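For reference, start-v5.cif is printed below; it contains mmCIF, C-alpha atoms.
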```
data_final
loop_
_atom_site.label_atom_id
_atom_site.label_comp_id
_atom_site.auth_asym_id
_atom_site.auth_seq_id
_atom_site.Cartn_x
_atom_site.Cartn_y
_atom_site.Cartn_z
CA MET A 83 -28.52 -47.87 -16.98
CA VAL A 84 -27.18 -48.75 -13.53
CA THR A 85 -23.85 -49.81 -15.05
CA VAL A 86 -23.57 -46.56 -17.06
CA ALA A 87 -24.39 -44.48 -13.97
CA VAL A 88 -21.68 -46.24 -11.97
CA ILE A 89 -19.10 -45.81 -14.77
CA MET A 90 -19.96 -42.12 -15.29
CA THR A 91 -19.75 -41.43 -11.55
CA SER A 92 -16.34 -43.08 -11.29
CA ILE A 93 -15.00 -41.21 -14.32
CA ILE A 94 -16.37 -37.69 -13.73
CA ALA A 95 -14.90 -37.18 -10.25
CA PRO A 96 -11.21 -37.71 -11.21
CA ILE A 97 -11.64 -35.75 -14.46
CA VAL A 98 -13.06 -32.71 -12.66
CA THR A 99 -10.38 -32.95 -9.99
CA HIS A 100 -7.67 -33.05 -12.65
CA ILE A 101 -9.06 -30.13 -14.68
CA TYR A 102 -10.25 -27.78 -11.93
CA LYS A 103 -7.60 -26.99 -9.33
CA PRO A 104 -8.68 -23.95 -7.29
CA ALA A 105 -5.45 -24.07 -5.28
CA ARG A 106 -3.58 -22.88 -8.36
CA LYS A 107 -4.64 -19.29 -7.87
CA PHE A 108 -2.96 -19.29 -4.47
CA ILE A 109 0.43 -20.40 -5.79
CA PRO A 110 3.03 -18.33 -3.93
CA TYR A 111 4.63 -15.50 -5.89
CA LYS A 112 7.66 -13.49 -4.87
CA ARG A 113 7.02 -10.04 -6.37
CA ARG A 114 4.78 -8.88 -3.53
CA THR A 115 6.54 -5.56 -2.93
CA ILE A 116 7.77 -2.68 -5.06
CA GLN A 117 11.22 -3.04 -3.56
CA ARG A 118 11.44 -6.63 -4.74
CA SER A 119 9.82 -6.04 -8.15
CA LYS A 120 12.06 -6.20 -11.19
CA PRO A 121 13.02 -2.71 -12.45
CA ASP A 122 12.61 -3.93 -16.03
CA GLY A 123 9.42 -5.91 -15.44
CA GLU A 124 5.70 -5.17 -15.32
CA LEU A 125 4.40 -3.55 -12.14
CA ARG A 126 0.92 -4.70 -11.18
CA ILE A 127 -1.15 -2.34 -9.04
CA LEU A 128 -4.64 -2.76 -7.61
CA VAL A 129 -6.41 0.55 -6.99
CA CYS A 130 -9.63 0.70 -4.99
CA ILE A 131 -12.27 3.35 -5.67
CA HIS A 132 -15.15 4.32 -3.40
CA THR A 133 -16.52 7.31 -5.31
CA PRO A 134 -15.64 9.15 -8.56
CA ARG A 135 -13.98 11.81 -6.40
CA ASN A 136 -11.10 9.38 -5.79
CA VAL A 137 -10.35 9.02 -9.51
CA PRO A 138 -8.35 12.16 -10.49
CA THR A 139 -5.81 11.88 -7.67
CA ILE A 140 -5.23 8.16 -8.24
CA ILE A 141 -4.76 8.69 -11.98
CA ASN A 142 -2.18 11.38 -11.25
CA LEU A 143 -0.46 9.02 -8.81
CA LEU A 144 -0.37 6.26 -11.43
CA GLU A 145 1.09 8.64 -13.99
CA ALA A 146 3.71 9.69 -11.44
CA SER A 147 4.63 5.99 -11.08
CA HIS A 148 6.42 6.34 -14.42
CA PRO A 149 4.99 3.66 -16.70
CA SER A 150 7.44 2.98 -19.52
CA LYS A 151 8.25 0.43 -22.19
CA LYS A 152 10.95 -0.92 -19.90
CA SER A 153 8.56 -1.26 -16.96
CA PRO A 154 4.87 -0.97 -17.93
CA ILE A 155 2.09 -0.81 -15.36
CA CYS A 156 -0.93 -3.09 -15.24
CA VAL A 157 -3.72 -1.46 -13.24
CA TYR A 158 -6.68 -3.34 -11.81
CA VAL A 159 -9.37 -0.79 -10.94
CA LEU A 160 -11.79 -2.08 -8.33
CA HIS A 161 -14.95 -0.06 -7.66
CA LEU A 162 -16.14 -0.91 -4.14
CA VAL A 163 -19.93 -0.97 -3.73
CA GLU A 164 -21.85 -1.90 -0.59
CA LEU A 165 -24.09 -4.92 -0.95
CA THR A 166 -27.77 -3.96 -0.64
CA GLY A 167 -30.79 -5.96 -1.74
CA ARG A 168 -28.82 -9.05 -2.76
CA ALA A 169 -28.32 -12.41 -1.12
CA SER A 170 -24.69 -12.90 -2.19
CA ALA A 171 -21.65 -10.82 -3.06
CA MET A 172 -20.59 -10.26 -6.66
CA LEU A 173 -17.36 -9.49 -8.52
CA ILE A 174 -18.05 -7.98 -11.94
CA VAL A 175 -15.39 -7.83 -14.65
CA HIS A 176 -16.22 -4.98 -17.03
CA ASN A 177 -15.77 -4.91 -20.75
CA THR A 178 -16.26 -1.87 -22.94
CA ARG A 179 -19.98 -1.15 -22.81
CA LYS A 180 -21.83 -0.05 -25.91
CA SER A 181 -21.95 3.71 -26.19
CA GLY A 182 -25.33 5.34 -25.74
CA CYS A 183 -26.67 2.69 -23.36
CA PRO A 184 -28.00 4.54 -20.29
CA ALA A 185 -27.11 3.49 -16.77
CA LEU A 186 -29.82 1.62 -14.93
CA ASN A 187 -29.10 3.09 -11.50
CA ARG A 188 -26.81 5.46 -9.59
CA THR A 189 -24.26 2.75 -8.82
CA GLN A 190 -23.92 1.80 -12.47
CA ALA A 191 -23.65 5.46 -13.41
CA GLN A 192 -20.75 5.88 -10.98
CA SER A 193 -19.09 2.72 -12.30
CA ASP A 194 -19.44 3.98 -15.87
CA HIS A 195 -17.90 7.31 -14.90
CA ILE A 196 -14.96 5.56 -13.20
CA ILE A 197 -14.45 3.12 -16.07
CA ASN A 198 -14.56 5.87 -18.70
CA ALA A 199 -12.00 7.94 -16.80
CA PHE A 200 -9.51 5.06 -16.56
CA GLU A 201 -10.11 3.93 -20.13
CA ASN A 202 -9.39 7.47 -21.28
CA TYR A 203 -6.20 7.42 -19.21
CA GLU A 204 -5.22 4.09 -20.78
CA GLN A 205 -5.75 5.45 -24.30
CA HIS A 206 -3.46 8.41 -23.63
CA SER A 207 -0.75 6.31 -21.93
CA SER A 208 1.00 3.83 -24.17
CA CYS A 209 2.54 1.80 -21.35
CA VAL A 210 -0.51 1.35 -19.12
CA SER A 211 -3.12 -1.42 -19.29
CA VAL A 212 -6.35 -1.10 -17.29
CA GLN A 213 -8.79 -3.80 -16.18
CA PRO A 214 -11.91 -2.36 -14.45
CA LEU A 215 -13.90 -4.44 -11.96
CA THR A 216 -16.69 -3.88 -9.45
CA ALA A 217 -16.93 -5.64 -6.09
CA ILE A 218 -20.40 -5.69 -4.54
CA SER A 219 -20.20 -7.01 -0.98
CA PRO A 220 -20.87 -6.04 2.65
CA TYR A 221 -18.31 -3.72 4.19
CA SER A 222 -17.49 -6.38 6.79
CA THR A 223 -16.13 -8.76 4.11
CA MET A 224 -15.14 -6.27 1.39
CA HIS A 225 -11.47 -6.59 2.34
CA GLU A 226 -11.60 -10.26 1.40
CA ASP A 227 -12.59 -9.38 -2.17
CA ILE A 228 -9.70 -6.91 -2.33
CA CYS A 229 -7.13 -9.31 -0.90
CA ASN A 230 -8.28 -12.31 -2.93
CA LEU A 231 -8.23 -10.27 -6.14
CA ALA A 232 -4.73 -9.03 -5.34
CA GLU A 233 -3.62 -12.60 -4.71
CA ASP A 234 -5.25 -13.89 -7.86
CA LYS A 235 -3.79 -11.14 -10.08
CA ARG A 236 -0.40 -11.34 -8.34
CA VAL A 237 -0.16 -7.60 -7.75
CA ALA A 238 2.73 -5.94 -5.91
CA PHE A 239 0.92 -2.88 -4.56
CA ILE A 240 -2.61 -2.02 -3.41
CA ILE A 241 -3.73 1.62 -3.29
CA ILE A 242 -6.76 2.40 -1.13
CA PRO A 243 -8.23 5.86 -0.48
CA PHE A 244 -8.26 7.29 3.04
CA HIS A 245 -11.67 7.35 4.73
CA LYS A 246 -11.47 11.14 5.22
CA GLN A 247 -11.68 13.87 2.61
CA GLN A 248 -10.65 17.49 2.68
CA THR A 249 -13.37 20.07 3.32
CA VAL A 250 -13.66 23.57 1.91
CA ASP A 251 -12.04 25.14 5.00
CA GLY A 252 -9.05 22.78 4.78
CA GLY A 253 -10.14 20.34 7.48
CA MET A 254 -10.57 16.60 7.19
CA GLU A 255 -13.92 14.88 7.71
CA ALA A 256 -14.95 11.24 7.43
CA THR A 257 -17.08 10.36 4.43
CA ASN A 258 -18.12 6.92 5.66
CA PRO A 259 -16.88 5.26 8.88
CA ALA A 260 -17.15 1.86 7.20
CA PHE A 261 -14.36 2.83 4.77
CA ARG A 262 -11.95 2.99 7.70
CA ALA A 263 -12.81 -0.55 8.77
CA VAL A 264 -12.21 -1.75 5.20
CA ASN A 265 -8.79 -0.08 5.15
CA GLN A 266 -7.82 -1.56 8.51
CA ASN A 267 -8.81 -5.04 7.39
CA VAL A 268 -6.87 -4.68 4.13
CA LEU A 269 -3.76 -3.65 6.08
CA ALA A 270 -4.17 -6.69 8.31
CA ASN A 271 -4.74 -9.25 5.54
CA ALA A 272 -3.09 -7.90 2.37
CA PRO A 273 -0.96 -10.39 0.39
CA CYS A 274 1.29 -7.58 -0.87
CA SER A 275 2.35 -4.03 -0.03
CA VAL A 276 -0.37 -1.45 0.64
CA GLY A 277 -0.60 2.32 0.32
CA ILE A 278 -3.30 4.50 1.89
CA LEU A 279 -3.75 7.69 -0.13
CA VAL A 280 -4.80 10.83 1.74
CA ASP A 281 -6.16 13.17 -0.93
CA ARG A 282 -5.55 16.83 -0.14
CA GLY A 283 -5.74 18.54 -3.49
CA LEU A 284 -3.60 16.50 -5.88
CA ASN A 285 -6.51 16.11 -8.28
CA GLY A 286 -8.03 17.74 -11.28
CA SER A 287 -4.94 18.10 -13.48
CA THR A 288 -2.69 16.12 -15.78
CA ARG A 289 0.40 18.12 -14.96
CA LEU A 290 2.30 14.97 -14.02
CA ALA A 291 2.19 13.94 -17.65
CA ALA A 292 3.94 17.14 -18.73
CA SER A 293 7.70 16.78 -18.49
CA GLN A 294 8.25 20.53 -18.53
CA VAL A 295 6.35 21.04 -15.26
CA SER A 296 8.09 19.97 -12.06
CA HIS A 297 6.15 18.02 -9.45
CA HIS A 298 7.76 17.87 -6.01
CA ILE A 299 7.62 14.70 -3.89
CA ALA A 300 9.12 14.28 -0.42
CA VAL A 301 9.98 11.06 1.43
CA LEU A 302 10.39 11.11 5.21
CA PHE A 303 12.70 8.22 6.09
CA PHE A 304 12.94 6.97 9.69
CA GLY A 305 13.95 3.38 8.99
CA GLY A 306 12.30 -0.02 8.78
CA PRO A 307 10.75 -2.11 5.99
CA ASP A 308 7.83 0.29 5.44
CA ASP A 309 10.16 3.25 4.93
CA ARG A 310 12.33 1.25 2.54
CA GLU A 311 9.23 0.35 0.54
CA ALA A 312 8.15 4.01 0.48
CA LEU A 313 11.58 5.03 -0.78
CA SER A 314 11.49 2.28 -3.43
CA TYR A 315 8.22 3.65 -4.79
CA ALA A 316 9.52 7.22 -4.70
CA GLU A 317 12.69 6.15 -6.50
CA ARG A 318 10.61 4.73 -9.30
CA MET A 319 8.67 8.00 -9.46
CA SER A 320 11.90 9.99 -9.66
CA GLU A 321 12.55 8.46 -13.09
CA HIS A 322 9.65 10.52 -14.41
CA PRO A 323 11.08 13.59 -16.18
CA GLY A 324 8.51 15.89 -14.55
CA ILE A 325 9.20 14.93 -10.94
CA SER A 326 11.75 16.10 -8.41
CA LEU A 327 12.34 14.07 -5.26
CA THR A 328 13.49 15.13 -1.81
CA VAL A 329 14.52 12.44 0.65
CA MET A 330 14.82 13.57 4.27
CA ARG A 331 16.34 11.00 6.57
CA PHE A 332 15.83 11.45 10.30
CA ILE A 333 18.79 10.38 12.45
CA ALA A 334 18.85 10.04 16.23
CA GLY A 335 21.04 12.61 17.97
CA ASP A 336 23.37 12.18 20.92
CA GLU A 337 20.66 13.12 23.42
CA THR A 338 18.21 10.51 22.15
CA VAL A 339 16.81 8.18 24.79
CA GLU A 340 16.71 4.73 23.25
CA SER A 341 13.45 2.81 23.60
CA THR A 342 13.77 -0.27 25.75
CA VAL A 343 11.83 -3.47 25.96
CA GLU A 344 9.77 -4.35 28.99
CA PRO A 345 12.11 -5.23 31.88
CA SER A 346 12.56 -8.88 32.73
CA SER A 347 13.89 -10.55 35.86
CA ASP A 348 15.78 -13.05 33.69
CA PRO A 349 18.90 -11.52 32.11
CA ASN A 350 18.91 -14.35 29.56
CA ASP A 351 15.34 -13.69 28.47
CA PRO A 352 15.27 -14.46 24.70
CA ARG A 353 12.70 -11.71 24.12
CA ILE A 354 15.25 -8.99 24.90
CA LEU A 355 17.89 -10.59 22.70
CA THR A 356 15.42 -10.97 19.81
CA VAL A 357 14.26 -7.33 19.87
CA ILE A 358 17.83 -6.01 20.06
CA THR A 359 19.03 -8.34 17.30
CA ASP A 360 16.18 -7.43 14.94
CA SER A 361 16.64 -3.73 15.65
CA ASP A 362 20.33 -3.94 14.76
CA ARG A 363 19.53 -5.86 11.60
CA GLU A 364 16.95 -3.29 10.54
CA LYS A 365 19.50 -0.51 11.05
CA GLN A 366 22.00 -2.39 8.93
CA LEU A 367 19.44 -2.92 6.16
CA ASP A 368 18.55 0.76 6.27
CA GLU A 369 22.20 1.77 5.91
CA GLU A 370 22.74 -0.61 3.01
CA TYR A 371 19.62 0.54 1.20
CA ILE A 372 20.31 4.25 1.73
CA ASN A 373 23.93 3.88 0.58
CA ASP A 374 22.81 2.01 -2.52
CA PHE A 375 20.15 4.65 -3.23
CA ARG A 376 22.63 7.51 -2.90
CA MET A 377 25.21 5.77 -5.07
CA LYS A 378 22.75 5.09 -7.89
CA ASN A 379 21.36 8.64 -7.88
CA SER A 380 24.49 10.65 -7.05
CA ASN A 381 24.47 12.38 -10.44
CA ASP A 382 20.73 12.99 -10.63
CA GLU A 383 20.04 16.68 -10.02
CA SER A 384 16.30 16.04 -9.59
CA ILE A 385 16.96 14.07 -6.38
CA VAL A 386 17.97 15.81 -3.16
CA TYR A 387 19.05 13.82 -0.11
CA THR A 388 19.24 15.49 3.30
CA GLU A 389 19.70 14.30 6.87
CA LYS A 390 18.02 15.77 9.92
CA ILE A 391 19.30 15.06 13.43
CA VAL A 392 16.55 14.98 16.08
CA ASN A 393 16.45 13.69 19.64
CA ASN A 394 12.75 13.12 20.37
CA GLY A 395 9.24 13.26 19.01
CA GLU A 396 8.87 16.98 19.68
CA GLU A 397 11.89 17.83 17.54
CA THR A 398 10.63 15.45 14.85
CA VAL A 399 7.30 17.29 14.65
CA ALA A 400 9.09 20.64 14.44
CA ALA A 401 11.34 19.36 11.66
CA VAL A 402 8.41 18.01 9.62
CA ARG A 403 6.47 21.25 9.99
CA SER A 404 9.48 23.22 8.77
CA ILE A 405 9.67 21.36 5.46
CA ASP A 406 9.24 23.59 2.43
CA SER A 407 5.62 23.92 1.32
CA ILE A 408 6.46 23.47 -2.38
CA HIS A 409 5.95 19.71 -2.13
CA ASP A 410 2.81 18.17 -3.61
CA LEU A 411 3.03 14.70 -2.09
CA PHE A 412 4.53 13.15 1.04
CA ILE A 413 5.40 9.44 0.94
CA VAL A 414 5.99 7.90 4.36
CA GLY A 415 6.20 4.41 5.83
CA ARG A 416 3.55 3.24 8.23
CA GLY A 417 6.23 2.09 10.68
CA GLN A 418 4.50 -1.13 11.73
CA GLY A 419 6.37 -3.02 14.41
CA MET A 420 9.04 -0.32 14.69
CA ILE A 421 9.86 1.28 18.05
CA SER A 422 11.67 4.56 17.41
CA PRO A 423 12.58 7.21 19.98
CA LEU A 424 12.20 9.78 17.20
CA THR A 425 8.43 9.24 17.16
CA ALA A 426 7.98 8.58 20.89
CA GLY A 427 4.79 10.10 22.23
CA LEU A 428 3.28 10.86 18.83
CA THR A 429 1.01 7.81 18.87
CA ASP A 430 -0.56 8.92 22.17
CA TRP A 431 -2.57 11.56 20.29
CA SER A 432 -3.18 9.68 17.05
CA GLU A 433 -6.65 9.94 15.53
CA CYS A 434 -5.92 7.23 12.98
CA PRO A 435 -3.29 4.78 14.28
CA GLU A 436 -3.54 2.74 11.07
CA LEU A 437 -1.53 5.51 9.36
CA GLY A 438 1.34 5.29 11.80
CA ALA A 439 2.73 8.15 13.89
CA ILE A 440 4.05 10.28 11.01
CA GLY A 441 1.25 9.50 8.56
CA ASP A 442 -1.39 10.40 11.13
CA MET A 443 0.32 13.72 11.84
CA LEU A 444 0.53 14.62 8.13
CA ALA A 445 -3.11 13.64 7.55
CA SER A 446 -4.52 15.47 10.57
CA SER A 447 -6.49 18.70 10.32
CA ASP A 448 -3.92 20.39 12.59
CA PHE A 449 -1.18 20.02 10.00
CA ALA A 450 -0.84 23.41 8.34
CA SER A 451 0.26 22.16 4.92
CA THR A 452 -2.37 20.92 2.45
CA VAL A 453 -0.25 18.19 0.89
CA SER A 454 -1.46 14.77 -0.20
CA VAL A 455 0.03 11.85 1.70
CA LEU A 456 0.73 8.26 0.72
CA VAL A 457 1.28 5.95 3.73
CA VAL A 458 3.05 2.74 2.68
CA GLN A 459 3.09 -0.65 4.39
CA GLN A 460 5.48 -3.28 3.05
CA TYR A 461 4.47 -6.91 2.85
CA VAL A 462 6.78 -8.82 5.20
CA GLY A 463 5.50 -12.38 4.80
CA VAL A 464 4.37 -14.83 7.43
CA GLY A 465 7.62 -16.34 8.58
CA PRO A 466 10.10 -19.02 7.60
CA GLN A 467 7.54 -21.73 7.07
CA GLU A 468 6.53 -20.20 3.72
CA ASP A 469 9.75 -20.03 1.78
CA GLY A 470 9.98 -17.21 -0.70
CA LEU A 471 7.04 -15.19 0.52
CA GLY A 472 8.88 -12.66 2.64
CA THR A 473 10.92 -9.80 1.31
CA PRO A 474 14.67 -10.30 1.18
CA ASP A 475 15.15 -7.85 4.03
CA SER A 476 12.37 -9.07 6.28
CA PRO A 477 13.48 -10.65 9.57
CA ALA A 478 11.58 -13.71 10.71
CA PRO A 479 10.64 -13.23 14.38
CA PRO A 480 11.06 -16.49 16.28
CA ILE A 481 8.92 -15.63 19.30
CA ASP A 482 5.25 -14.98 19.80
CA GLN A 483 5.64 -11.57 21.43
CA TYR A 484 7.56 -10.11 18.53
CA ASN A 485 5.31 -11.88 16.02
CA SER A 486 2.45 -9.81 17.38
CA LEU A 487 4.18 -6.68 16.10
CA LEU A 488 3.98 -8.05 12.57
CA GLN A 489 0.49 -9.46 12.92
CA MET A 490 -0.92 -6.52 10.91
CA ASN A 491 0.56 -7.86 7.67
CA ARG A 492 -0.50 -11.39 6.92
CA ARG A 493 -1.71 -13.28 3.92
CA PRO A 494 -5.49 -13.21 3.47
CA PRO A 495 -7.53 -16.25 4.40
CA GLN A 496 -8.57 -18.36 1.44
CA GLN A 497 -12.07 -18.68 2.81
CA ARG A 498 -14.39 -16.02 4.10
CA GLY A 499 -14.43 -15.49 7.83
CA PRO A 500 -15.24 -12.85 10.40
CA ALA A 501 -13.57 -9.49 9.87
CA MET A 502 -10.89 -8.33 12.24
CA TYR A 503 -12.56 -4.94 12.49
CA SER A 504 -16.23 -4.13 12.19
CA PRO A 505 -17.58 -0.74 11.03
#
```
Show me this structure written as structure tokens.
Amino acid sequence: MVTVAVIMTSIIAPIVTHIYKPARKFIPYKRRTIQRSKPDGELRILVCIHTPRNVPTIINLLEASHPSKKSPICVYVLHLVELTGRASAMLIVHNTRKSGCPALNRTQAQSDHIINAFENYEQHSSCVSVQPLTAISPYSTMHEDICNLAEDKRVAFIIIPFHKQQTVDGGMEATNPAFRAVNQNVLANAPCSVGILVDRGLNGSTRLAASQVSHHIAVLFFGGPDDREALSYAERMSEHPGISLTVMRFIAGDETVESTVEPSSDPNDPRILTVITDSDREKQLDEEYINDFRMKNSNDESIVYTEKIVNNGEETVAAVRSIDSIHDLFIVGRGQGMISPLTAGLTDWSECPELGAIGDMLASSDFASTVSVLVVQQYVGVGPQEDGLGTPDSPAPPIDQYNSLLQMNRRPPQQRGPAMYSP
């Protein structure tokens, strides 16, 4: 018996180690952004749902993403539920439940409603596959479930609902302050690109599925990786026969006062050289991407490209407010790490800095137009030490000060830890 125990112990350990390799699910993958995704490949999207009220708008947004045989969409639907009365968090993968079986509680009833809505959408869309899941965890660690699932499923885009909803009088009020902390933590730890969806009335219809009805989408382009990602998503949407796209690019005028870095007594300070070099590279990448976009869509009558010359933040606000009210959705970049004189001063009055200067303005109650907004943040990797993880147009900052500007977009930790933000 002793001999058998020794033999079994020596055999089991290497066998288990050989069969079970948890590190496999964290194998790096390159398609972490929409811009870098193959146009003829599957697009994987993770959508997060707090309440059934989030469902109609997100379904319309998915339909606008133009699933096709050439590029189908795989949607992972994650219902986020606060952990109460349990000792440990849970991730539930749902299968089709037997019809007629009543829900045991309110949470299960909401999950059933969400699952049924997305399964119905899947049945009526031939190029969409849906996998519903439920994450039950504390709000302080809920972002880890989102980020780990995105990493495991190798998704390119995460869609999370904004923590505020529109009221009857057109204002915006917070539904749950903890939702904001979850969103902030997802932005800080996401392994792929992220979009925060501000719902202002894009729900309750399937008009996006009807090619004879035009749906108007506008992209406000200021420059930077987030804006390029926003334009990449909008360009995919423009392939939908029922969508028209307007791209408004904001260009600095002659009277623009360029933003400068903090003065240094050393004229050879590498910090100044790094910021200037990266800024020039971003401008070059913007020009190349815009030129390529215009060349590919020069004969498409459903796409309108315009340029607006502004000199400061005040003129930028006036230009945005003057945009035609026919649009149903604004897509803007979050502008992380970007210092633009065109948005100077706008962040001083931001209610929700996680949306960026332009996204916060569009989502505020003071904005006259009741248009839904999608604020996009592109995944930019963690630097040169992880080859292949960054986007092809993502500069790798070599100094700590500039790295802090990109700190809000890192890979999620593989083990649970304290949240960056607490509700």
Point to revise | A:Ile405, A:Ala171, A:Cys434, A:Ile325 ranked by distance to Ser384 in chain A, top pick (using only C-alpha atoms) | key: A:Ile325
**Study point:** Selection result of the PyMOL selection byres ((chain A and resi 338) around 12) on this file, as an NGL selection string
**Key:** :A and (333-337 or 339-341 or 391-398 or 422-426)
**Study point:** Expected selection from the PyMOL selection byres ((chain A and resi 452) around 12), given as a VMD selection string
**Key:** chain A and resid 247 to 254 280 to 284 403 406 to 412 444 to 451 453 to 455
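Here CA of His176 in chain A stands at a distance of 29.1 Å from CA of Met319 in chain A.
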Study note, to complete from the structure: As a check of understanding: the span from CA of Val159 in chain A to CA of Pro307 in chain A is 26.3 Å
Exercise for review: Run through the PyMOL selection byres ((chain A and resi 130) around 8) on the given coordinates and return the selected residues as a list in words.
Suggested key: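 On the file shown, the PyMOL selection byres ((chain A and resi 130) around 8) covers Leu128, Val129, Ile131, His132, Val159, Leu160, His161, Leu162, Ile240, Ile241, Ile242 and Pro243 of chain A.
Distance annotation: of A:Ile127, A:Ala260, A:Ile93, A:Val386, the residue with the minimal separation from Cys274 in chain A is A:Ile127; atom set is only C-alpha atoms.
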Exercise for review: Could you give me, as a ChimeraX atom specification, the residues that sit within 7 Å of (4.7, 11.9, -14.0) in the file's coordinates, counting only C-alpha atoms?
Suggested key: /A:145-148,290-291,322-325
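The space separating CA of Ser207 in chain A from CA of Asp309 in chain A comes to 29.2 Å.
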Practice item. Skip range 116-122 of chain A itself and residues of its chain fewer than 4 positions away, then list as a list of chain:residue names all residues within 6 Å of it, counting all atoms listed in the file. Key: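 Selected residues are A:Lys152, A:Ser153, A:Glu311, A:Ser314.
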Review point. Residues at most 10 Å from Val402 in chain A, counting only C-alpha atoms, excluding those fewer than 6 positions away in the same chain, as number ranges by chain?
Key: A: 302, 330, 332, 390, 440, 443-444, 449
Point to revise | Surrounding residues of Val210 in chain A excluding itself and chain neighbours under 5 positions, 6 Å, only C-alpha atoms, as a count of residues only | key: 4
